[in-house]
$ cat input14.cif   # mmCIF, N, CA and C atoms
data_query
#
loop_
_atom_site.label_atom_id
_atom_site.label_comp_id
_atom_site.auth_asym_id
_atom_site.auth_seq_id
_atom_site.Cartn_x
_atom_site.Cartn_y
_atom_site.Cartn_z
N MET U 269 0.84 -1.18 0.00
CA MET U 269 0.00 0.00 0.00
C MET U 269 0.89 1.24 0.00
N VAL U 270 0.52 2.24 -0.83
CA VAL U 270 1.29 3.47 -0.96
C VAL U 270 0.52 4.60 -0.29
N LEU U 271 1.21 5.36 0.54
CA LEU U 271 0.60 6.50 1.21
C LEU U 271 1.10 7.77 0.54
N VAL U 272 0.17 8.56 0.03
CA VAL U 272 0.53 9.81 -0.65
C VAL U 272 0.49 10.92 0.39
N THR U 273 1.64 11.56 0.59
CA THR U 273 1.71 12.63 1.59
C THR U 273 1.86 14.00 0.95
N HIS U 274 2.12 14.03 -0.35
CA HIS U 274 2.32 15.30 -1.04
C HIS U 274 1.52 15.31 -2.34
N ILE U 275 0.77 16.36 -2.56
CA ILE U 275 0.02 16.49 -3.80
C ILE U 275 0.70 17.56 -4.64
N ASP U 276 1.06 17.18 -5.84
CA ASP U 276 1.72 18.11 -6.76
C ASP U 276 0.73 19.19 -7.19
N GLN U 277 1.04 20.46 -6.92
CA GLN U 277 0.15 21.56 -7.26
C GLN U 277 -0.05 21.72 -8.76
N SER U 278 0.91 21.30 -9.55
CA SER U 278 0.77 21.43 -11.00
C SER U 278 -0.29 20.46 -11.55
N LEU U 279 -0.63 19.43 -10.78
CA LEU U 279 -1.64 18.49 -11.22
C LEU U 279 -3.05 18.95 -10.85
N SER U 280 -3.13 19.93 -10.01
CA SER U 280 -4.43 20.42 -9.58
C SER U 280 -5.15 21.14 -10.72
N LYS U 281 -6.45 20.87 -10.88
CA LYS U 281 -7.23 21.53 -11.93
C LYS U 281 -7.44 23.00 -11.62
N LYS U 282 -7.49 23.33 -10.35
CA LYS U 282 -7.75 24.70 -9.96
C LYS U 282 -6.49 25.31 -9.35
N ASN U 283 -5.46 25.39 -10.13
CA ASN U 283 -4.20 25.98 -9.68
C ASN U 283 -4.24 27.48 -9.96
N ILE U 284 -5.17 28.18 -9.30
CA ILE U 284 -5.39 29.59 -9.54
C ILE U 284 -5.04 30.36 -8.28
N ASP U 285 -4.24 31.41 -8.42
CA ASP U 285 -3.89 32.26 -7.29
C ASP U 285 -4.99 33.30 -7.12
N GLN U 286 -5.81 33.13 -6.08
CA GLN U 286 -6.92 34.03 -5.85
C GLN U 286 -6.66 34.78 -4.55
N THR U 287 -6.53 36.10 -4.64
CA THR U 287 -6.28 36.90 -3.45
C THR U 287 -7.60 37.37 -2.86
N MET U 288 -7.59 37.56 -1.56
CA MET U 288 -8.80 37.97 -0.84
C MET U 288 -9.17 39.39 -1.21
N PRO U 289 -10.43 39.63 -1.63
CA PRO U 289 -10.85 40.99 -1.97
C PRO U 289 -11.06 41.84 -0.72
N ASP U 290 -11.13 43.14 -0.89
CA ASP U 290 -11.39 44.06 0.21
C ASP U 290 -12.85 43.88 0.63
N LEU U 291 -13.06 43.34 1.81
CA LEU U 291 -14.42 43.01 2.25
C LEU U 291 -15.27 44.23 2.56
N ALA U 292 -14.66 45.39 2.71
CA ALA U 292 -15.43 46.61 2.96
C ALA U 292 -16.28 46.99 1.75
N GLU U 293 -15.90 46.54 0.57
CA GLU U 293 -16.62 46.85 -0.67
C GLU U 293 -17.68 45.82 -1.02
N PHE U 294 -17.77 44.73 -0.25
CA PHE U 294 -18.66 43.63 -0.59
C PHE U 294 -19.57 43.26 0.57
N MET U 295 -20.64 42.54 0.23
CA MET U 295 -21.53 41.96 1.24
C MET U 295 -21.83 40.53 0.85
N THR U 296 -22.32 39.76 1.79
CA THR U 296 -22.65 38.37 1.51
C THR U 296 -23.96 38.30 0.73
N THR U 297 -24.25 37.13 0.18
CA THR U 297 -25.50 36.96 -0.54
C THR U 297 -26.69 37.09 0.42
N LYS U 298 -26.51 36.69 1.65
CA LYS U 298 -27.59 36.80 2.64
C LYS U 298 -27.91 38.27 2.92
N GLU U 299 -26.87 39.09 3.08
CA GLU U 299 -27.06 40.52 3.32
C GLU U 299 -27.70 41.19 2.11
N ALA U 300 -27.22 40.84 0.91
CA ALA U 300 -27.75 41.42 -0.31
C ALA U 300 -29.22 41.03 -0.51
N ALA U 301 -29.54 39.77 -0.25
CA ALA U 301 -30.92 39.30 -0.41
C ALA U 301 -31.85 40.03 0.54
N LYS U 302 -31.42 40.25 1.76
CA LYS U 302 -32.24 40.96 2.73
C LYS U 302 -32.49 42.40 2.28
N LYS U 303 -31.44 43.04 1.79
CA LYS U 303 -31.55 44.43 1.34
C LYS U 303 -32.42 44.56 0.09
N LEU U 304 -32.32 43.57 -0.82
CA LEU U 304 -33.06 43.61 -2.08
C LEU U 304 -34.47 43.05 -1.98
N GLY U 305 -34.73 42.25 -0.95
CA GLY U 305 -36.03 41.63 -0.80
C GLY U 305 -36.21 40.38 -1.64
N PHE U 306 -35.11 39.72 -2.00
CA PHE U 306 -35.14 38.49 -2.77
C PHE U 306 -34.69 37.32 -1.91
N HIS U 307 -34.91 36.11 -2.42
CA HIS U 307 -34.42 34.91 -1.74
C HIS U 307 -32.90 34.85 -1.90
N VAL U 308 -32.23 34.29 -0.92
CA VAL U 308 -30.77 34.24 -0.91
C VAL U 308 -30.21 33.47 -2.12
N LYS U 309 -30.94 32.52 -2.65
CA LYS U 309 -30.48 31.75 -3.82
C LYS U 309 -30.60 32.55 -5.12
N ARG U 310 -31.37 33.60 -5.13
CA ARG U 310 -31.56 34.42 -6.33
C ARG U 310 -30.35 35.33 -6.58
N VAL U 311 -29.66 35.73 -5.53
CA VAL U 311 -28.57 36.70 -5.65
C VAL U 311 -27.41 36.17 -6.51
N PRO U 312 -26.90 34.94 -6.30
CA PRO U 312 -25.83 34.46 -7.20
C PRO U 312 -26.27 34.40 -8.67
N THR U 313 -27.53 34.10 -8.91
CA THR U 313 -28.05 34.10 -10.28
C THR U 313 -27.99 35.50 -10.87
N MET U 314 -28.31 36.49 -10.06
CA MET U 314 -28.26 37.88 -10.52
C MET U 314 -26.81 38.29 -10.84
N VAL U 315 -25.86 37.77 -10.08
CA VAL U 315 -24.44 38.06 -10.35
C VAL U 315 -24.01 37.38 -11.65
N ARG U 316 -24.40 36.12 -11.82
CA ARG U 316 -24.04 35.40 -13.05
C ARG U 316 -24.67 36.05 -14.29
N ASN U 317 -25.87 36.60 -14.13
CA ASN U 317 -26.55 37.28 -15.24
C ASN U 317 -26.08 38.72 -15.42
N LYS U 318 -25.16 39.15 -14.59
CA LYS U 318 -24.58 40.50 -14.63
C LYS U 318 -25.60 41.60 -14.30
N THR U 319 -26.65 41.23 -13.57
CA THR U 319 -27.58 42.22 -13.05
C THR U 319 -26.93 42.92 -11.86
N LEU U 320 -26.17 42.17 -11.09
CA LEU U 320 -25.38 42.71 -9.98
C LEU U 320 -23.92 42.37 -10.23
N GLU U 321 -23.03 43.15 -9.63
CA GLU U 321 -21.60 42.87 -9.73
C GLU U 321 -21.19 42.09 -8.48
N GLY U 322 -20.35 41.12 -8.69
CA GLY U 322 -19.87 40.33 -7.57
C GLY U 322 -18.82 39.35 -8.03
N ILE U 323 -18.26 38.64 -7.06
CA ILE U 323 -17.24 37.64 -7.36
C ILE U 323 -17.52 36.39 -6.54
N ARG U 324 -16.99 35.30 -7.02
CA ARG U 324 -17.06 34.07 -6.27
C ARG U 324 -15.67 33.83 -5.69
N PHE U 325 -15.61 33.72 -4.39
CA PHE U 325 -14.35 33.47 -3.71
C PHE U 325 -14.45 32.11 -3.05
N GLY U 326 -13.90 31.11 -3.71
CA GLY U 326 -14.07 29.75 -3.23
C GLY U 326 -15.50 29.31 -3.44
N ARG U 327 -16.18 28.98 -2.35
CA ARG U 327 -17.58 28.55 -2.42
C ARG U 327 -18.54 29.67 -2.05
N VAL U 328 -18.01 30.85 -1.78
CA VAL U 328 -18.81 31.97 -1.29
C VAL U 328 -18.93 33.05 -2.36
N TRP U 329 -20.14 33.57 -2.55
CA TRP U 329 -20.35 34.70 -3.44
C TRP U 329 -20.27 35.98 -2.63
N LEU U 330 -19.55 36.97 -3.14
CA LEU U 330 -19.49 38.29 -2.54
C LEU U 330 -20.07 39.28 -3.54
N VAL U 331 -21.00 40.10 -3.07
CA VAL U 331 -21.72 41.02 -3.94
C VAL U 331 -21.28 42.44 -3.63
N SER U 332 -21.02 43.21 -4.67
CA SER U 332 -20.59 44.59 -4.52
C SER U 332 -21.69 45.42 -3.88
N LYS U 333 -21.35 46.13 -2.81
CA LYS U 333 -22.31 47.01 -2.14
C LYS U 333 -22.78 48.10 -3.09
N LYS U 334 -21.86 48.59 -3.91
CA LYS U 334 -22.18 49.64 -4.87
C LYS U 334 -23.22 49.17 -5.88
N SER U 335 -23.08 47.94 -6.38
CA SER U 335 -24.03 47.44 -7.38
C SER U 335 -25.40 47.21 -6.77
N VAL U 336 -25.45 46.80 -5.51
CA VAL U 336 -26.74 46.62 -4.84
C VAL U 336 -27.45 47.96 -4.72
N GLN U 337 -26.69 48.99 -4.32
CA GLN U 337 -27.28 50.32 -4.18
C GLN U 337 -27.74 50.87 -5.53
N GLU U 338 -26.95 50.65 -6.59
CA GLU U 338 -27.34 51.09 -7.93
C GLU U 338 -28.60 50.37 -8.40
N TYR U 339 -28.70 49.08 -8.11
CA TYR U 339 -29.88 48.31 -8.50
C TYR U 339 -31.12 48.83 -7.77
N LEU U 340 -30.98 49.12 -6.47
CA LEU U 340 -32.11 49.65 -5.71
C LEU U 340 -32.55 51.01 -6.25
N THR U 341 -31.60 51.85 -6.62
CA THR U 341 -31.92 53.17 -7.18
C THR U 341 -32.61 53.02 -8.54
N LYS U 342 -32.09 52.12 -9.37
CA LYS U 342 -32.62 51.90 -10.72
C LYS U 342 -34.04 51.33 -10.69
N THR U 343 -34.34 50.49 -9.71
CA THR U 343 -35.63 49.80 -9.67
C THR U 343 -36.58 50.40 -8.63
N LYS U 344 -36.26 51.56 -8.13
CA LYS U 344 -37.11 52.20 -7.12
C LYS U 344 -38.51 52.44 -7.71
N GLY U 345 -39.53 52.04 -6.97
CA GLY U 345 -40.90 52.23 -7.41
C GLY U 345 -41.43 51.13 -8.29
N MET U 346 -40.61 50.18 -8.70
CA MET U 346 -41.06 49.07 -9.53
C MET U 346 -41.47 47.89 -8.64
N SER U 347 -42.43 47.11 -9.10
CA SER U 347 -42.78 45.90 -8.36
C SER U 347 -41.72 44.83 -8.62
N LYS U 348 -41.70 43.80 -7.78
CA LYS U 348 -40.72 42.72 -7.94
C LYS U 348 -40.89 41.99 -9.26
N ASN U 349 -42.09 42.01 -9.83
CA ASN U 349 -42.36 41.28 -11.08
C ASN U 349 -42.33 42.16 -12.31
N ASP U 350 -41.88 43.37 -12.19
CA ASP U 350 -41.81 44.29 -13.32
C ASP U 350 -40.77 43.80 -14.33
N PRO U 351 -41.12 43.62 -15.60
CA PRO U 351 -40.17 43.10 -16.60
C PRO U 351 -38.97 44.01 -16.82
N ARG U 352 -39.07 45.28 -16.50
CA ARG U 352 -37.92 46.18 -16.68
C ARG U 352 -36.79 45.86 -15.73
N ARG U 353 -37.06 45.14 -14.64
CA ARG U 353 -36.02 44.75 -13.69
C ARG U 353 -35.05 43.75 -14.30
N LYS U 354 -35.50 43.00 -15.29
CA LYS U 354 -34.69 41.93 -15.86
C LYS U 354 -33.60 42.42 -16.81
N THR U 355 -33.61 43.69 -17.14
CA THR U 355 -32.59 44.21 -18.06
C THR U 355 -31.25 44.24 -17.37
N THR U 356 -30.20 43.92 -18.13
CA THR U 356 -28.84 43.94 -17.59
C THR U 356 -28.21 45.28 -17.87
N LYS U 357 -27.07 45.48 -17.26
CA LYS U 357 -26.34 46.75 -17.40
C LYS U 357 -25.78 46.93 -18.78
#

$ encode --input "input14.cif" --output "structure tokens"
Amino acid sequence: MVLVTHIDQSLSKKNIDQTMPDLAEFMTTKEAAKKLGFHVKRVPTMVRNKTLEGIRFGRVWLVSKKSVQEYLTKTKGMSKNDPRRKTTK
């Protein structure tokens, strides 16, 4: 039996150097969902669709506070089901 004690980093599929973003500029999907009035699972979809700006850091989505505020300003007075909300930037 062979015991592997070292994993070669060059063999890793995700050999990406990802640095931690400045957390003062971001909020969690839970915080964004609460502020926007959406379900927490909807927020990553909005980031992927480029309705909101954000990044995925590992398994966690971080949403730009600025983009949340811009979205709230842009959709002020609209109902949640208004088709104009679906437009991207």

$ resolve_selection --input "input14.cif" --expression "the PyMOL selection byres ((chain U and resi 295-299) around 6.5)" --output "PyMOL selection string"
chain U and resi 291-294+300-304+308+311-312+329-333

$ write_last_selection --input "input14.cif" --atoms "N, CA and C atoms" --output "tab-separated table (two decimals), in the frame of the given file"
chain	number	residue	atom	x	y	z
U	291	LEU	N	-13.06	43.34	1.81
U	291	LEU	CA	-14.42	43.01	2.25
U	291	LEU	C	-15.27	44.23	2.56
U	292	ALA	N	-14.66	45.39	2.71
U	292	ALA	CA	-15.43	46.61	2.96
U	292	ALA	C	-16.28	46.99	1.75
U	293	GLU	N	-15.90	46.54	0.57
U	293	GLU	CA	-16.62	46.85	-0.67
U	293	GLU	C	-17.68	45.82	-1.02
U	294	PHE	N	-17.77	44.73	-0.25
U	294	PHE	CA	-18.66	43.63	-0.59
U	294	PHE	C	-19.57	43.26	0.57
U	300	ALA	N	-27.22	40.84	0.91
U	300	ALA	CA	-27.75	41.42	-0.31
U	300	ALA	C	-29.22	41.03	-0.51
U	301	ALA	N	-29.54	39.77	-0.25
U	301	ALA	CA	-30.92	39.30	-0.41
U	301	ALA	C	-31.85	40.03	0.54
U	302	LYS	N	-31.42	40.25	1.76
U	302	LYS	CA	-32.24	40.96	2.73
U	302	LYS	C	-32.49	42.40	2.28
U	303	LYS	N	-31.44	43.04	1.79
U	303	LYS	CA	-31.55	44.43	1.34
U	303	LYS	C	-32.42	44.56	0.09
U	304	LEU	N	-32.32	43.57	-0.82
U	304	LEU	CA	-33.06	43.61	-2.08
U	304	LEU	C	-34.47	43.05	-1.98
U	308	VAL	N	-32.23	34.29	-0.92
U	308	VAL	CA	-30.77	34.24	-0.91
U	308	VAL	C	-30.21	33.47	-2.12
U	311	VAL	N	-29.66	35.73	-5.53
U	311	VAL	CA	-28.57	36.70	-5.65
U	311	VAL	C	-27.41	36.17	-6.51
U	312	PRO	N	-26.90	34.94	-6.30
U	312	PRO	CA	-25.83	34.46	-7.20
U	312	PRO	C	-26.27	34.40	-8.67
U	329	TRP	N	-20.14	33.57	-2.55
U	329	TRP	CA	-20.35	34.70	-3.44
U	329	TRP	C	-20.27	35.98	-2.63
U	330	LEU	N	-19.55	36.97	-3.14
U	330	LEU	CA	-19.49	38.29	-2.54
U	330	LEU	C	-20.07	39.28	-3.54
U	331	VAL	N	-21.00	40.10	-3.07
U	331	VAL	CA	-21.72	41.02	-3.94
U	331	VAL	C	-21.28	42.44	-3.63
U	332	SER	N	-21.02	43.21	-4.67
U	332	SER	CA	-20.59	44.59	-4.52
U	332	SER	C	-21.69	45.42	-3.88
U	333	LYS	N	-21.35	46.13	-2.81
U	333	LYS	CA	-22.31	47.01	-2.14
U	333	LYS	C	-22.78	48.10	-3.09

$ atom_distance --input "input14.cif" --atom1 "atom CA of Glu338 of chain U" --atom2 "atom CA of Gly305 of chain U"
14.7 Å

$ resolve_selection --input "input14.cif" --expression "the PyMOL selection byres ((chain U and resi 318-321) around 6.5)" --output "number ranges by chain"
U: 313-317, 322-323, 330-332, 335-336, 355-357

$ axis_aligned_box --input "input14.cif" --around "segment 295-310 of chain U" --padding-each-side "8 Å" --output "JSON"
{"center_x": -28.4, "center_y": 38.2, "center_z": -1.6, "size_x": 31.6, "size_y": 28.8, "size_z": 25.9}

$ select_by_dssp --input "input14.cif" --residues "segment 285-354 of chain U" --states "strand (DSSP E)" --output "count of residues only"
12

$ atom_distance --input "input14.cif" --atom1 "atom N of Thr343 of chain U" --atom2 "atom C of Phe306 of chain U"
15.3 Å

$ atom_distance --input "input14.cif" --atom1 "atom CA of Lys309 of chain U" --atom2 "atom N of Thr287 of chain U"
24.4 Å
